[in-house]
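Colleague: The structure's right below; bear with me while I get my questions together.
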Amino acid sequence: MEVQLQRSYLEYSKALFREGVLDAQFVELQMLRDESNPDFVMEVVTLFFEDSQRILNQLSNTLNEQSVDFKKVDANVHQLKGSSSSIGALRVRNACIAFRSFCDAQNVEGCLRFLQQIKQEYLLVKNKLEALLRLEQQIVAAGGVVPVLNDFS
């Protein structure tokens, strides 16, 4: 059972890399986990979820104001980009990079369109990471060790 769960975990992880959902930074994050803090990855990812949701709400509010403060929008997108980069959420990070060009052009319509794109990418990575974390919990509950991905192919 434990070996089968580990195999499923590795296959699912590889799929997330192939799909461009995650990048090598996620593996770096996994490597920081040790016996003294086995829930480290889960804690960091949970903070990312909470932080991202807060930032997305702020972006929605700011972009729907009568007079849009593009410096505030840019700061929020920059923060989300940094947060997503730190856990390896590649598609969210890439959407943030594209979003900033609309912000630089002070294009409200483009910003609103890309905000929807970022929200979709965020929900995708959230759902997939939650599934990956559930697999981690099952492996640990079965008495196993969560494998670290070192080959992304």
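Simple scheme: letters A, B, ... for chains in structure tokens order, numbers from 1 for residues in each chain, numbers from 1 for ligands in the order shown.
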Would you pick out the contacts of Ala75 in chain A at 10 Å or less, using only C-alpha atoms, so that residues sharing its chain but fewer than 4 positions from it are not included, and give the list as JSON, numbers by chain?

Modeller: {"A": [55, 59, 70, 71, 79, 80, 81, 100]}

Colleague: What's around range 95-97 of chain A at 8 Å? Count only C-alpha atoms, leave out sequence neighbours fewer than 6 positions away in its own chain, and write the answer as a count of residues only.

Modeller: 8

Colleague: What residues in chain A get the DSSP label alpha helix (DSSP H)? Please answer as a ChimeraX atom specification.

Modeller: /A:2-18,24-31,40-63,70-87,90-104,108-141

Colleague: Quick one: of A:Leu32, A:Val41, A:Val73, A:Leu149, who's nearest to Ser101 in chain A, counting only C-alpha atoms?

Modeller: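 Of A:Leu32, A:Val41, A:Val73, A:Leu149, the one nearest Ser101 in chain A is A:Val73, counting only C-alpha atoms.
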
Colleague: List as a PyMOL selection string the protein and nucleic acid residues near Phe48 in chain A, meaning an atom at most 12 Å away when only C-alpha atoms are counted, but skip any in the same chain fewer than 3 places from it.

Modeller: chain A and resi 41-45+51-56+79-89+92+122+125-126+129-130

Colleague: Tell me which of A:Ala98, A:Cys111, A:Val27, A:Ala105 sits closest to Leu10 in chain A, counting only C-alpha atoms.

Modeller: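 Looking only at the distances to Leu10 in chain A, the closest residue turns out to be A:Val27.
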
Colleague: Pick out the closest residue to Asn57 in chain A from this set: A:Lys119, A:Arg91, A:Arg113, A:Arg33. Count only C-alpha atoms.

Modeller: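 The shortest atom-to-atom distance to Asn57 in chain A comes from A:Lys119.
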
Colleague: Ranking A:Ser36, A:Ser13, A:Gln6, A:Ser60 by minimum distance to Val145 in chain A and counting only C-alpha atoms, which one comes first?

Modeller: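 Result for the nearest residue to Val145 in chain A: A:Gln6.
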
Colleague: Just the number, please: distance in Å from CA of Leu22 in chain A to CA of Leu90 in chain A, one decimal.

Modeller: 5.1 Å

Colleague: So what do you get for CA of Leu16 in chain A versus CA of Leu135 in chain A, distance-wise?

Modeller: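 We find that CA of Leu16 in chain A and CA of Leu135 in chain A lie 13.7 Å from each other.
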
Colleague: Can you check which residues of chain A DSSP gives as strand (DSSP E or B) on the backbone and send them as a list in words?

Modeller: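 Everything in chain A that counts as strand (DSSP E or B) is Leu22, Asp34, Asn37 and Ala89 of chain A.
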
Colleague: For the residues selected in the previous step, produce a file with all heavy atoms as a PDB file, in the first residue's frame.

Modeller:
ATOM      1  N   LEU A  22       3.890  23.211 -11.747  1.00  0.00           N
ATOM      2  CA  LEU A  22       4.964  23.425 -10.773  1.00  0.00           C
ATOM      3  C   LEU A  22       6.307  23.480 -11.479  1.00  0.00           C
ATOM      4  O   LEU A  22       6.453  22.980 -12.593  1.00  0.00           O
ATOM      5  CB  LEU A  22       4.990  22.286  -9.748  1.00  0.00           C
ATOM      6  CG  LEU A  22       3.774  22.119  -8.851  1.00  0.00           C
ATOM      7  CD1 LEU A  22       3.933  20.886  -7.970  1.00  0.00           C
ATOM      8  CD2 LEU A  22       3.540  23.353  -7.996  1.00  0.00           C
ATOM      9  N   ASP A  34      11.980  18.011   7.091  1.00  0.00           N
ATOM     10  CA  ASP A  34      12.758  17.004   7.813  1.00  0.00           C
ATOM     11  C   ASP A  34      11.916  16.436   8.951  1.00  0.00           C
ATOM     12  O   ASP A  34      10.760  16.809   9.121  1.00  0.00           O
ATOM     13  CB  ASP A  34      14.090  17.565   8.313  1.00  0.00           C
ATOM     14  CG  ASP A  34      13.931  18.729   9.280  1.00  0.00           C
ATOM     15  OD1 ASP A  34      12.838  18.893   9.874  1.00  0.00           O
ATOM     16  OD2 ASP A  34      14.895  19.496   9.449  1.00  0.00           O
ATOM     17  N   ASN A  37      10.138  18.816  11.328  1.00  0.00           N
ATOM     18  CA  ASN A  37       8.988  19.557  10.816  1.00  0.00           C
ATOM     19  C   ASN A  37       8.427  18.852   9.574  1.00  0.00           C
ATOM     20  O   ASN A  37       8.580  19.340   8.456  1.00  0.00           O
ATOM     21  CB  ASN A  37       9.385  21.010  10.494  1.00  0.00           C
ATOM     22  CG  ASN A  37       8.171  21.884  10.289  1.00  0.00           C
ATOM     23  OD1 ASN A  37       7.036  21.420  10.368  1.00  0.00           O
ATOM     24  ND2 ASN A  37       8.397  23.153  10.026  1.00  0.00           N
ATOM     25  N   ALA A  89       4.855  27.627  -8.052  1.00  0.00           N
ATOM     26  CA  ALA A  89       3.586  27.653  -8.795  1.00  0.00           C
ATOM     27  C   ALA A  89       3.809  28.393 -10.119  1.00  0.00           C
ATOM     28  O   ALA A  89       3.498  29.569 -10.271  1.00  0.00           O
ATOM     29  CB  ALA A  89       2.499  28.323  -7.970  1.00  0.00           C
TER      30      ALA A  89
END
